[in-house]
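Asker: Have a look at the structure that comes next, please.
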Amino acid sequence: MKLIETPLPGVMVLEPERYGDSRGFFLETYREDTLRSAGISRRFVQDNHSRSVRGVLRGLHYQLTQPQGKLVRVARGAVFDVAVDVRSGSPTFGRWYGATLDEENMRMMYIPPGFAHGFVVLTEIADFIYKCTDYYHPQSEQGILWNDPAIGIKWPVMEIRLSEKDGNNPDLRDQPEELLPRYPEATS
């Protein structure tokens with residue numbers, strides 16, 4: 001598996017080896033020892049699968065009291081996937097990184113606890129699959145507005161479809177300090 005470092009410490013893109021022939025292909029989507037050697041040592045406890053149509057933007061989400069690391073990938077279609085450092089006191093606070101994940105490149109991205117996460121669908125439909133290092137805990141879920149001008153994410157889609165909840169998230173500067181994760185936080 002090829003590991004691609006990003007400008008955000010702890011956020012990694014992983015490119016699995018794909019073996020294929022006229023019958024189809026095979027690849028490993030999760031292998032604990034490979035992730036451990038890349039510095040991702042947290043245990044994954046929950047798998048999720050979401051299906052969305054073109055232009056759907058989900059995020060930017062994070063959990064405060066039960067922070068989740070996420071290993072994300074796309075089984076069908078394509079998304080632009082984003083991680084934002086929302087850890088109060090972090091040297092990269094408010095910075096983002098984005099990558100296209102799709103069924104052709106088979107790339108995955110690891111988003112450590114303490115980072116907000118979101119994605120937008122680039123194809124007619126996308127199946128988005130992700131592993132989490134902690135359980136979903138709706139009472140501790142927080143969000144940052146997807147188009148916060150101070151963060152400046154360059155989403156590659158003109159027409160966005162949002163949930164009402166995501167459309168009402170605050171800008172990062174308006175999020176109360178007590179609702180932000182603290183730095184330093186273990187990011188593996």
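Chain identifiers are assigned as A, B, and so on, following the order in which chains appear in the structure tokens; residues are numbered from 1 within each chain, and ligands are numbered from 1 in order of appearance.
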Determine, using only C-alpha atoms, which residues of stretch 119-138 of chain A have any atom at most 8 Å from an atom of stretch 38-49 of chain A, and tabulate each with its shortest atom pair and distance in Å to one decimal place, rows ordered by chain and then rising number, as JSON lines.
Answerer:
{"residue": "A:Asp127", "atom": "CA", "partner": "A:His49", "partner_atom": "CA", "distance": 6.8}
{"residue": "A:Phe128", "atom": "CA", "partner": "A:His49", "partner_atom": "CA", "distance": 5.6}
{"residue": "A:Ile129", "atom": "CA", "partner": "A:His49", "partner_atom": "CA", "distance": 4.4}
{"residue": "A:Tyr130", "atom": "CA", "partner": "A:Asn48", "partner_atom": "CA", "distance": 5.3}
{"residue": "A:Lys131", "atom": "CA", "partner": "A:Asp47", "partner_atom": "CA", "distance": 4.4}
{"residue": "A:Cys132", "atom": "CA", "partner": "A:Gln46", "partner_atom": "CA", "distance": 5.2}
{"residue": "A:Thr133", "atom": "CA", "partner": "A:Phe44", "partner_atom": "CA", "distance": 4.2}
{"residue": "A:Asp134", "atom": "CA", "partner": "A:Val45", "partner_atom": "CA", "distance": 5.9}
{"residue": "A:Tyr135", "atom": "CA", "partner": "A:Gln46", "partner_atom": "CA", "distance": 6.2}
Asker: I need the strand (DSSP E or B) residues of stretch 29-77 of chain A per DSSP on the backbone, written as an NGL selection string.
Answerer: :A and (46-53 or 56-63 or 70-76)
Asker: Can you work out which one of A:Phe93, A:Tyr136, A:Trp146, A:Phe80 has the shortest atom-to-atom distance to A:Phe119, counting only C-alpha atoms?
Answerer: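 Of the candidates, the smallest distance to A:Phe119 is held by A:Phe80.
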Asker: Taking only C-alpha atoms into account, name the residue in A:Asn168, A:Arg54, A:Ser90, A:Met109 that is nearest to A:Ile4.
Answerer: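 Result for the nearest residue to A:Ile4: A:Met109.
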Asker: Name all residues at most 7 Å from A:Arg18 (count only C-alpha atoms; drop same-chain ones fewer than 4 positions away) and give them as a list in words.
Answerer: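 With the cut-off at 7 Å, the set is Phe25, Phe26 and Leu27 of chain A.
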Asker: Using only C-alpha atoms, pick whichever of A:Ser140, A:Thr65, A:Ser88, A:Asn147 has the shortest atom-to-atom distance to A:Glu177.
Answerer: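 Residue with the minimum atom-to-atom distance to A:Glu177: A:Ser88.
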